[in-house]
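Notes follow the structure.
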Amino acid sequence: MGILDELLATPALLYPIIIFFSLCVGSFLNVVILRLPRMMEQDWRCQCEEFLELPEESRQATEAVTLSKPASTCPSCGHGIKPWENIPVISYLVLRGKCSSCNAGISPRYPIIEAITALFSVVTVYVTGPSYAALWALLLVWALIALTMIDYDTQLLPDSITLPILWLGLILNYFGMFTEFNHAFWGAVAGYLSLWSVYWLFKLVTGKEGMGHGDFKLLAALGAWLGWQLLPAVILLSSIVGAVVGISLIAFRKHGREVPIPFGPYLAAAGLLCLWFGPEIQAAWYAYLGVG
């Protein structure tokens, strides 16, 4: 028995390690959520400048942004964040939610995302059972957290996240990790084409774009992980939650009717529920349809 097998068989060690590691992952996700859209914008601007063949002196000179550079600083005073000031959750509590240099408030969103990442990771392993499949599933959970926040902030679902998890789902299910490969393959196909069809039907009828292309790819990725059988449940759950939230926002006048509402967070939430409770949801779905 290998070290990982022994760890999976020892919950007293497994869950503390998962909590610690996923808190660190949550800290990294905060960086991804903040910087990846900026990196995409930076890349688009460079492509546009190259396409327009602008001379070098006319191009916008900005510091290149990556996931590792520049170093993290306080947005208020520019104070460089020290390693001991970047310990997930703990540093926020010790600093009482303020910069150690200027006492400017730090958004509670950062420790919340770290804590949610740890919580969802533990729930994933607990619900699905300690196994190699559960550890692989953590990658999907972390990706969904990042995609949810990026889409909420910017209404973008980056290909650099959706496409790798789509391919990873297909590869894992080639070995039958979560479902049969043919179920995963047709899940990816059906996931993409279902929302693609809705997009074009809505555009033909209204002349407007009802959703972004990233939504197609995210649902395709969920289909690749979960199989085509759970796609109706994913679509139904996400649509119900999205409709309730959208109507509520409009009713309370926090959103105008013309202000788009990102659909990615609802797809991610529905996908997470189906990852955790897939068999139960599928059984309930078949019972509702009267399928034995």
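Naming scheme: A, B, ... for chains in displayed order of the structure tokens; residues 1 onward per chain; ligands 1 onward as shown.
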Name the residues in contact with region 229-242 of chain A at a cut-off of 7 Å, using only C-alpha atoms, excluding same-chain residues fewer than 3 positions from it; report them as a ChimeraX atom specification.
-> /A:191,223,226,245-246,263,266-267,270-271,274,282
Report the residues of region 99-281 of chain A whose backbone DSSP state falls under alpha helix (DSSP H), written as an MDAnalysis selection string.
-> chainID A and resid 109:128 132:154 159:174 181:206 213:226 231:251 264:281
Using only C-alpha atoms, the residue out of A:Pro130, A:Gly105, A:Pro11, A:Pro55 with shortest distance to Cys74 (chain A) is A:Gly105
Compare A:Leu52, A:Val125, A:Ile87, A:Leu272 by their minimum atom-to-atom distance to Ile18 (chain A), counting only C-alpha atoms, and give me the closest one.
-> A:Val125
Find the spatial neighbours of region 171-179 of chain A, counting only C-alpha atoms, within a cut-off of 7 Å - ignore same-chain residues fewer than 3 positions away - and output them as a ChimeraX atom specification.
-> /A:133,167-168,183-184,225-227
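Nearest to Phe185 (chain A) of all the residues A:Leu163, A:Val123, A:Ile116, A:Ala224 is A:Ala224, counting only C-alpha atoms.
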How many Å lie between CA of Ala188 (chain A) and CA of Gly214 (chain A), rounded to one decimal?
->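 Computed distance, CA of Ala188 (chain A) to CA of Gly214 (chain A), equals 13.5 Å.
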Could you tell me which of A:Ala134, A:Ala9, A:Ile165, A:Ala220 comes closest to Phe120 (chain A) if we count only C-alpha atoms?
-> A:Ala134
Could you work out how far CA of Ser197 (chain A) lies from CA of Gly210 (chain A), giving the answer in Å with one decimal?
->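 These atoms are spaced 11.2 Å apart.
Proximity to Pro111 (chain A) was assessed for A:Leu29, A:Ala71, A:Leu36, A:Ala64 counting only C-alpha atoms; the smallest distance is recorded for A:Leu29.
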Find the spatial neighbours of Leu144 (chain A), counting only C-alpha atoms, within a cut-off of 12 Å - ignore same-chain residues fewer than 6 positions away - and output them as a VMD selection string.
-> chain A and resid 26 29 33 113 116 to 117 120 to 121 137 to 138 150 to 152 157 to 158 161 to 162 165 to 166 218 to 219 221 to 222 264 to 273 275
Atomic separation - CA of Glu41 (chain A) relative to CA of Pro75 (chain A), Å =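 Taking CA of Pro75 (chain A) as the start and CA of Glu41 (chain A) as the end point, the length is 19.6 Å.
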